[in-house]
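Q: Sharing a structure with you now.
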Amino acid sequence: MMATKKLSDLAKTIRSKNAGTDKITFDVIFRERDTYEMVKRSRALTRETMADLFKISGNRITDFVEYDPANAIKFTILRDRPSGSPGDPDIFGAQQYAPLLDVEVPIEA
Amino acid sequence: MDSLKIICPNGHLGFAPLKVDSFRLGVAANPDFIAADSGSDDIGPVPLGNDTCASPRAWQEHDLEVMLLAARETGKPMIIGSAGDTGTNSRVDMYVEIIRELAKKHDLAPFKLGWFYSEVDKEKVRAKMRSGSPIRGLDARPDLDEAELDATSRIVAMAGVHPFMKLLEDGCDVIIGGRSSDSAIFAAAALSKGYPEAESYYLGKVLECASFCAEPYGAKETVMGTITRDWVEVTAMNPAQRCTIASVAGHAMYERSNPFHEYVAGGLLDMTNCHYEQVAEKTTRVTGMTFVPAEEFRVKLEGSGKLGERFVGMAGIRDPYTVAHVDEVIEWARTQVRERFGDSGYELHYNVFGRNGIMGDMEPLKDKPAHELLIVVQGVAPTREMAEELTMTGTRQLFYARLPDVKGTAGGVSFVFDEVMPASPGYRWTLNHTMAVDDPLELFPTHSEIVGVQVLENA
């Protein structure tokens, strides 16, 4: 069986934040090019795995970008209602990234 | 001029005070402009709908005072966008008044103060729709219809560079803007001095959040942007921070769904082919940005609509059986509310912290609740009286929920206080749309005046 590491041990930054009133965007930024390329190749972070992780339908993910200039993987989801509507507990969308921390990434030998 | 320098001390002026030490270093570097954005839609729909600020006036006065004194001492223009979080007319007026008061307090020599408004009358939007020009939805929203317009309390339009450039051309030393694109505040300064659009908008893009484009993390610290006809450089002013390839490129994707594109009134900044180079320890240089002018001039509109008055209650749970059956406890309380108030005409929300209070249905661990829970209850209703009673019923009845096998029958929840608390009214974002206009200044009327003490020369 292939060894794995948690995404939180591989990435420099894992964050979420509003992108306007109707979306939350997630940024996973790596310090080293090699680690970024390895995570890309692992397919641990894709539209499909993120839809599974957050238990949302794939069409709520509006953008999924592998962003080479910043060694970063970025995706954006539609909120189920606009930010700050009564009952929305995370007006800034700033605490939605937590499930990403524990994503297991296969490590290449 | 071969190059132009702008310092930015704060990414959301007023939300938390700027850090003075790195600002002083920025001023000492002899910038041509001092500029900051003061607004955000991150703060939710309440401040716009309610026409209030998100933060104490004292914090906003602090930043405006520090910036104004530096700007007047050095004789360099100062530019603020999205005054008072929302950029509504009342917030612009408040900032203009603060500037007048500061000028008086410090006996400042006369200077020209300019400002512009950006509130949009609902009837203007309605007329636009009825004339056959659709108000187009952003981010998967449908085009605006009149019912949604009717549900809207207040609208602001997001200015591009145009009103800022008009006021700069008029010779204003200090500019207070209504709601504005963050990047436009800085881009306008560069464009007014003849720099190319792509570099100017990128300069704005990278400066808008101050030290968020630097590392290590440290907010409210000053950064300096330098523009030439060929490149943009950004430098951290805090001695402990650096602008690195990673931090600057990483910032390009901050708070936006796509890291390659930034839409502004009048066009699109394309960062797809940007190249980043570390040219000094604290400085990164960026090249390769392009600007694509829009075929049709569309302005973004933000609108907030009032849902009703709001109260909040809280209840804790420690009993493990009750923790496991918290949804039944909430359903009991909802039923009591329905018996009193019916099924509609109000909103009642429960967030269960310790289970999935923060992430709702997206929480992967919602089947693994903590050993104690906090239920936050929000009731929204047409009147304060109803909102209070609604929220009280929805909170108090958690105490009386009837679970068949609970051992403790003296009270099913803990109360920090057995009352409910008045909160801001409930609002929701009703507009995240764009509207076509014929004239870039159409929605943004500009004004100016001379302020400051008249000094008697050689009296």
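Numbering starts fresh at 1 for the residues of each chain in the structure tokens, the chains themselves are lettered A, B, ... in the order given, and ligands are numbered from 1 as they appear.
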Compute the set of chain A residues within 9 Å of chain B, using only C-alpha atoms, and express it as a ChimeraX atom specification.
A: /A:16-27,29-31,53-56,62-65,67,69-72,74-78,81-93,95-96,99
Q: Give me a file of those residues, with C-alpha atoms, as a PDB file, in the first residue's frame.
A:
```pdb
ATOM      1  CA  SER A  16     -11.042  29.656   2.698  1.00  0.00           C
ATOM      2  CA  LYS A  17     -12.582  33.081   2.173  1.00  0.00           C
ATOM      3  CA  ASN A  18     -15.539  34.723   0.478  1.00  0.00           C
ATOM      4  CA  ALA A  19     -15.199  35.500  -3.201  1.00  0.00           C
ATOM      5  CA  GLY A  20     -18.045  37.980  -3.344  1.00  0.00           C
ATOM      6  CA  THR A  21     -21.406  37.432  -1.680  1.00  0.00           C
ATOM      7  CA  ASP A  22     -22.309  34.142  -3.306  1.00  0.00           C
ATOM      8  CA  LYS A  23     -19.090  32.112  -3.353  1.00  0.00           C
ATOM      9  CA  ILE A  24     -16.417  30.725  -1.056  1.00  0.00           C
ATOM     10  CA  THR A  25     -12.962  30.142  -2.495  1.00  0.00           C
ATOM     11  CA  PHE A  26     -10.375  27.685  -1.178  1.00  0.00           C
ATOM     12  CA  ASP A  27      -6.602  28.138  -1.606  1.00  0.00           C
ATOM     13  CA  ILE A  29      -0.537  26.848  -1.383  1.00  0.00           C
ATOM     14  CA  PHE A  30       2.705  24.877  -1.310  1.00  0.00           C
ATOM     15  CA  ARG A  31       6.149  26.137  -0.366  1.00  0.00           C
ATOM     16  CA  LEU A  53     -15.218  15.822   0.845  1.00  0.00           C
ATOM     17  CA  PHE A  54     -17.713  18.656   1.260  1.00  0.00           C
ATOM     18  CA  LYS A  55     -20.703  16.492   0.336  1.00  0.00           C
ATOM     19  CA  ILE A  56     -21.833  18.851  -2.409  1.00  0.00           C
ATOM     20  CA  THR A  62     -17.590  26.859 -10.183  1.00  0.00           C
ATOM     21  CA  ASP A  63     -13.818  26.941 -10.654  1.00  0.00           C
ATOM     22  CA  PHE A  64     -11.001  24.469 -10.113  1.00  0.00           C
ATOM     23  CA  VAL A  65      -7.557  25.795 -11.011  1.00  0.00           C
ATOM     24  CA  TYR A  67      -2.177  27.772 -10.453  1.00  0.00           C
ATOM     25  CA  PRO A  69       2.779  30.813 -10.553  1.00  0.00           C
ATOM     26  CA  ALA A  70       1.898  30.425  -6.870  1.00  0.00           C
ATOM     27  CA  ASN A  71       2.348  26.649  -6.489  1.00  0.00           C
ATOM     28  CA  ALA A  72      -1.296  26.569  -5.562  1.00  0.00           C
ATOM     29  CA  LYS A  74      -7.604  26.700  -5.911  1.00  0.00           C
ATOM     30  CA  PHE A  75     -11.293  25.973  -6.168  1.00  0.00           C
ATOM     31  CA  THR A  76     -14.464  27.921  -5.588  1.00  0.00           C
ATOM     32  CA  ILE A  77     -17.922  26.818  -4.527  1.00  0.00           C
ATOM     33  CA  LEU A  78     -21.307  28.477  -4.651  1.00  0.00           C
ATOM     34  CA  ARG A  81     -27.371  31.185   0.347  1.00  0.00           C
ATOM     35  CA  PRO A  82     -25.632  34.583   0.244  1.00  0.00           C
ATOM     36  CA  SER A  83     -23.107  35.406   2.962  1.00  0.00           C
ATOM     37  CA  GLY A  84     -24.532  36.914   6.123  1.00  0.00           C
ATOM     38  CA  SER A  85     -28.111  35.794   5.566  1.00  0.00           C
ATOM     39  CA  PRO A  86     -29.693  34.950   8.953  1.00  0.00           C
ATOM     40  CA  GLY A  87     -28.536  31.479   9.929  1.00  0.00           C
ATOM     41  CA  ASP A  88     -25.240  31.735   8.035  1.00  0.00           C
ATOM     42  CA  PRO A  89     -22.643  31.047  10.736  1.00  0.00           C
ATOM     43  CA  ASP A  90     -19.571  31.987   8.697  1.00  0.00           C
ATOM     44  CA  ILE A  91     -20.107  35.421   7.143  1.00  0.00           C
ATOM     45  CA  PHE A  92     -16.495  35.616   5.870  1.00  0.00           C
ATOM     46  CA  GLY A  93     -16.369  31.971   4.793  1.00  0.00           C
ATOM     47  CA  GLN A  95     -13.520  28.512   8.566  1.00  0.00           C
ATOM     48  CA  GLN A  96     -14.717  26.252   5.770  1.00  0.00           C
ATOM     49  CA  PRO A  99     -11.786  19.332   6.285  1.00  0.00           C
TER      50      PRO A  99
END
```
Q: Write out as a ChimeraX atom specification all residues of chain A that DSSP puts in alpha helix (DSSP H) for this structure's backbone.
A: /A:7-10,33-42,47-53
Q: From region 255-388 of chain B, collect each residue whose DSSP state is strand (DSSP E or B) and return the set as number ranges by chain.
A: B: 261-264, 267-270, 275-280, 283-287, 290-293, 298-317, 347-353, 373-381
Q: Could you name the residues that touch region 96-110 of chain B at 6 Å or less, counting only C-alpha atoms, but leaving out those on the same chain fewer than 2 positions away, as a PyMOL selection string?
A: chain B and resi 93-94+451-453
Q: Determine, counting only C-alpha atoms, which protein, DNA and RNA residues have an atom within 9 Å of an atom of region 6-14 of chain A; residues of the same chain fewer than 2 positions away are not included. Present the result as a ChimeraX atom specification.
A: /A:4,16,26-32,35-36,39,97-98,100-106
Q: Write out as number ranges by chain the residues lying within 12 Å of region 320-327 of chain B, counting only C-alpha atoms and excluding same-chain residues fewer than 5 positions away.
A: B: 315, 332-334, 350-356, 366-375, 398-409, 411-414
Q: Pick out the residues sitting within 10 Å of Ala51 (chain A), and hand them over as a list in words; count only C-alpha atoms, and ignore anything fewer than 5 positions along from it in its own chain.
A: Leu45, Thr46, Ile56, Ser57, Gly58, Asn59, Arg60, Ile61 and Ile77 of chain A; Met362 of chain B
